[in-house]
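Asker: What follows is query07.cif, made up of mmCIF, C-alpha atoms:
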```cif
data_work
loop_
_atom_site.label_atom_id
_atom_site.label_comp_id
_atom_site.auth_asym_id
_atom_site.auth_seq_id
_atom_site.Cartn_x
_atom_site.Cartn_y
_atom_site.Cartn_z
CA PHE A 1 0.00 0.00 0.00
CA PHE A 2 1.54 3.32 -1.06
CA GLY A 3 0.28 6.85 -0.63
CA SER A 4 1.79 10.07 -1.85
CA TYR A 5 1.16 13.78 -1.53
CA LEU A 6 2.26 16.57 -3.84
CA ILE A 7 2.62 20.03 -2.34
CA ARG A 8 2.93 23.00 -4.69
CA THR A 9 3.87 26.54 -3.73
CA VAL A 10 1.99 28.71 -6.21
CA THR A 11 2.05 32.46 -6.77
CA ARG A 12 -0.24 33.93 -9.44
CA GLN A 13 -0.44 30.70 -11.40
CA THR A 14 3.34 30.13 -11.27
CA VAL A 15 4.57 26.98 -9.56
CA LEU A 16 7.57 27.96 -7.43
CA HIS A 17 8.36 24.65 -5.76
CA GLU A 18 7.04 21.10 -5.72
CA GLY A 19 7.56 18.90 -2.69
CA GLY A 20 6.18 15.54 -1.82
CA GLN A 21 5.79 12.91 0.84
CA ILE A 22 5.66 9.26 -0.12
CA GLY A 23 4.82 6.56 2.37
CA GLY A 24 3.89 2.94 2.15
CA CYS A 25 3.78 -0.34 3.97
CA SER A 26 3.22 -4.05 3.67
CA ASP A 27 2.91 -6.75 6.28
CA SER A 28 6.70 -6.93 6.54
CA ASP A 29 8.19 -3.71 5.15
CA GLY A 30 7.62 0.02 4.95
CA ALA A 31 8.76 3.25 3.34
CA MET A 32 8.66 6.99 4.05
CA MET A 33 10.36 9.64 1.93
CA TYR A 34 10.27 13.42 1.41
CA THR A 35 11.09 15.07 -1.92
CA LEU A 36 11.61 18.59 -3.27
CA GLU A 37 11.63 19.41 -6.99
CA GLY A 38 11.54 15.66 -7.74
CA GLU A 39 14.71 14.96 -5.72
CA GLU A 40 14.93 12.77 -2.65
CA LEU A 41 15.69 14.82 0.50
CA TRP A 42 15.06 12.36 3.34
CA TYR A 43 13.99 8.75 3.75
CA ALA A 44 13.44 6.37 6.64
CA ASP A 45 15.81 3.41 6.70
CA PHE A 46 13.71 1.07 8.83
CA LYS A 47 16.32 -1.69 8.66
CA SER A 48 19.02 0.45 10.31
CA GLY A 49 16.56 2.39 12.47
CA ARG A 50 17.42 5.93 11.30
CA GLY A 51 16.53 8.72 8.92
CA VAL A 52 18.86 9.35 5.97
CA GLU A 53 19.49 12.68 4.20
CA PRO A 54 21.08 11.54 0.89
CA GLN A 55 21.60 15.04 -0.51
CA PRO A 56 24.74 15.57 -2.59
CA ASP A 57 27.49 17.89 -1.38
CA PHE A 58 26.98 20.41 -4.20
CA ILE A 59 23.55 21.62 -2.97
CA ASP A 60 22.56 23.65 0.08
CA HIS A 61 21.78 20.94 2.64
CA ILE A 62 18.22 20.81 4.03
CA SER A 63 18.04 19.28 7.53
CA PHE A 64 15.05 17.52 9.05
CA ASN A 65 13.72 17.54 12.59
CA PRO A 66 15.35 14.85 14.81
CA GLY A 67 11.84 13.42 15.48
CA THR A 68 11.14 12.81 11.78
CA TYR A 69 12.24 9.17 11.96
CA GLU A 70 10.08 8.46 15.02
CA ALA A 71 7.08 10.02 13.24
CA ALA A 72 7.74 7.76 10.24
CA VAL A 73 7.74 4.71 12.54
CA ALA A 74 4.38 5.80 13.99
CA ASP A 75 3.00 6.34 10.46
CA GLN A 76 3.91 2.73 9.63
CA GLN A 77 1.53 1.46 12.30
CA VAL A 78 -1.27 3.67 10.94
CA CYS A 79 -0.49 2.41 7.44
CA ARG A 80 -0.65 -1.24 8.53
CA ASN A 81 -3.99 -0.61 10.26
CA ASN A 82 -5.31 0.97 7.05
CA LEU A 83 -3.94 -1.94 5.03
CA GLN A 84 -6.20 -4.32 6.92
CA MET A 85 -9.25 -2.34 5.72
CA ILE A 86 -8.41 -2.39 2.00
CA PHE A 87 -10.30 -4.83 -0.22
CA VAL A 88 -8.46 -7.03 -2.72
CA PHE A 89 -8.73 -5.72 -6.29
CA ASN A 90 -8.16 -7.36 -9.67
CA VAL A 91 -4.50 -6.75 -10.63
CA ALA A 92 -5.03 -8.31 -14.07
CA ASP A 93 -6.55 -5.00 -15.23
CA ILE A 94 -3.41 -2.97 -14.43
CA LYS A 95 -1.47 -1.83 -17.50
CA LEU A 96 2.29 -2.37 -17.03
CA TYR A 97 4.90 0.15 -18.20
CA PRO A 98 8.56 -0.92 -18.19
CA PRO A 99 11.23 1.55 -17.02
CA GLU A 100 12.94 3.87 -19.46
CA ILE A 101 16.66 3.27 -20.06
CA PRO A 102 18.34 3.85 -16.67
CA MET A 103 20.91 6.61 -16.22
CA ILE A 104 24.07 5.58 -14.37
CA TYR A 105 26.58 8.17 -13.21
CA ILE A 106 29.10 8.83 -10.43
CA ARG A 107 28.38 11.21 -7.54
CA ASP A 108 31.86 12.78 -7.31
CA THR A 109 34.73 13.37 -9.70
CA LEU A 110 36.50 10.05 -10.22
CA GLU A 111 39.72 9.56 -8.25
CA LEU A 112 41.49 6.21 -8.08
CA LYS A 113 41.44 4.55 -4.63
CA VAL A 114 39.00 7.20 -3.27
CA LYS A 115 35.52 6.11 -2.15
CA ASN A 116 32.75 7.22 -4.50
CA THR A 117 29.13 6.36 -5.28
CA LEU A 118 27.55 5.05 -8.46
CA ILE A 119 23.99 6.28 -8.92
CA CYS A 120 21.37 4.52 -11.03
CA HIS A 121 18.31 6.68 -11.86
CA VAL A 122 15.34 4.61 -13.13
CA SER A 123 12.15 6.34 -14.24
CA GLY A 124 8.93 5.98 -16.23
CA PHE A 125 7.73 2.62 -14.90
CA TYR A 126 4.37 1.49 -13.50
CA PRO A 127 3.51 -0.09 -11.14
CA ALA A 128 6.18 0.39 -8.50
CA PRO A 129 8.65 -0.78 -7.32
CA VAL A 130 11.40 -1.69 -9.78
CA GLU A 131 14.27 -4.04 -8.94
CA VAL A 132 17.86 -2.83 -9.42
CA SER A 133 20.86 -5.11 -9.06
CA TRP A 134 24.56 -4.24 -9.23
CA THR A 135 27.22 -6.59 -10.58
CA LYS A 136 31.01 -6.61 -10.58
CA ASN A 137 32.81 -9.01 -12.92
CA GLY A 138 29.52 -10.85 -13.49
CA LYS A 139 28.76 -11.38 -9.78
CA ASN A 140 26.00 -9.68 -7.80
CA VAL A 141 27.14 -6.96 -5.39
CA THR A 142 24.97 -6.10 -2.38
CA ASP A 143 27.44 -4.59 0.11
CA GLY A 144 27.28 -0.80 -0.06
CA SER A 145 24.13 -0.76 -2.20
CA SER A 146 20.81 0.89 -1.41
CA ILE A 147 17.60 1.87 -3.18
CA ASN A 148 15.06 4.53 -2.25
CA VAL A 149 11.31 4.11 -2.17
CA PRO A 150 9.56 4.78 -5.48
CA PHE A 151 8.25 8.30 -5.91
CA PRO A 152 5.56 9.37 -8.37
CA ASN A 153 6.12 11.45 -11.49
CA LYS A 154 3.54 13.95 -12.77
CA ASP A 155 2.38 11.44 -15.43
CA GLY A 156 1.56 8.72 -12.85
CA SER A 157 4.69 6.66 -13.50
CA PHE A 158 7.40 6.21 -10.86
CA THR A 159 11.11 6.96 -10.31
CA GLN A 160 13.59 5.10 -8.10
CA ILE A 161 17.26 5.76 -7.37
CA SER A 162 19.77 3.09 -6.39
CA ARG A 163 23.28 3.76 -5.09
CA LEU A 164 26.43 1.67 -4.84
CA GLU A 165 29.44 2.77 -2.84
CA PHE A 166 32.73 1.66 -4.41
CA ILE A 167 36.44 2.37 -4.54
CA PRO A 168 37.79 2.65 -8.09
#
```
Would you write the structure of this file as C-alpha cells?
Answerer:
Amino acid sequence: FFGSYLIRTVTRQTVLHEGGQIGGCSDSDGAMMYTLEGEELWYADFKSGRGVEPQPDFIDHISFNPGTYEAAVADQQVCRNNLQMIFVFNVADIKLYPPEIPMIYIRDTLELKVKNTLICHVSGFYPAPVEVSWTKNGKNVTDGSSINVPFPNKDGSFTQISRLEFIP
C-alpha cells in the first residue's frame, strides 16, 4: 500500500516549488520519503533504524527535525492498520509500463582509490517498485548498495534511485 502527496507553492499561477511525501507499507516492510523538486531529501531506513538525508554535497543541505524518523515509525503502524481495511482488487486490469533506459553516473569526480558512489536513476515505470541489481565481474554486489522508495512522477509513473558505494 503506497500513498503520496504533492505540495505546490503557487504564486499567481506560477509553480515555485514542488515537494512531496511518499509513504507505504506491507505486512513486513515500509517506506517513508520526502522530496523537493523531484529529488529525494530524506527517507526512513527502517532496517538500520534511522533517517537518511542523501543530498549531494553540491547543494545547500536541508536538515530535518530529529523526530522525523520516530514520526515515520508511527506512520507505519497507521499504514498497517489501514492496510487491513483495503479490499483485494483485480491486478489483471493494471497496465504495465517498463522503465525507461536507466541513467548511471558517479556522484563525485572520479579519483582512483577514493571512495565514490555510483547512482542509477530509473524512471517511467508502472507499477512500482522496480528491482535494481549491481554486478562486478559478473557477480551480484549487495554490500554498499541501497535503493530509495519509489516516488511518483507527474504522469503517474514512478522513479527510483539506487546507489552503490565503491572504490575505483
Asker: Could you list, as a list in words, every residue within 7 Å of region 42-48 of chain A, counting only C-alpha atoms and ignoring same-chain residues fewer than 5 positions away?
Answerer: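 Neighbouring residues, sequence-local ones excluded: Ala31, Met32, Met33, Tyr34, Glu53, Pro54, Tyr69 and Ala72 of chain A.
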Asker: I need the residue set behind the PyMOL selection byres ((chain A and resi 132) around 8) for this file; please write it as a count of residues only.
Answerer: 6
Asker: Just give me the gap between CA of Asp108 (chain A) and CA of Glu165 (chain A) in Å, one decimal is fine.
Answerer: 11.2 Å
Asker: Once the PyMOL selection byres ((chain A and resi 146) around 7) has been evaluated on this model, what residues remain selected, and can you format them as a PyMOL selection string?
Answerer: chain A and resi 144-145+147-148+162-164
Asker: Expand the PyMOL selection byres ((chain A and resi 114-118) around 9) into the individual residues it matches in the shown file, reporting them as a list in words.
Answerer: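 Written out, the selection comes to Ile104, Tyr105, Ile106, Arg107, Asp108, Thr109, Leu110, Glu111, Leu112, Lys113, Ile119, Cys120, Ser162, Arg163, Leu164, Glu165, Phe166, Ile167 and Pro168 of chain A.
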Asker: From the list A:Val149, A:Val141, A:Val52, A:Cys25, which residue is nearest Thr68 (chain A) when using only C-alpha atoms?
Answerer: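 Looking at the shortest contact to Thr68 (chain A), the residue is A:Val52.
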Asker: Determine, counting all atoms listed in the file, which protein, DNA and RNA residues have an atom within 9 Å of an atom of Thr35 (chain A); residues of the same chain fewer than 2 positions away are not included. Present the result as a count of residues only.
Answerer: 14
Asker: When you draw a straight line from CA of Gly67 (chain A) to CA of Cys79 (chain A), how long is it in Å?
Answerer: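 Distance between the two atoms: 18.4 Å.
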Asker: Just checking: using only C-alpha atoms, which residue out of A:Met103, A:Ile59, A:Val122, A:Val78 ends up closest to Gly24 (chain A)?
Answerer: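 For Gly24 (chain A), the nearest of the given residues is A:Val78.
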Asker: If I wrap all listed atoms of region 60-70 of chain A in a box with edges along x, y and z and add 3 Å on each side, what are its centre and edge lengths in Å to one decimal, as lines of an AutoDock Vina configuration file?
Answerer:
```
center_x = 16.3
center_y = 16.1
center_z = 7.8
size_x = 18.5
size_y = 21.2
size_z = 21.4
```
Asker: Kindly give the distance, in Å, that separates CA of Gln160 (chain A) and CA of Leu36 (chain A), rounded to a single decimal.
Answerer: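 These two atoms are separated by 14.5 Å.
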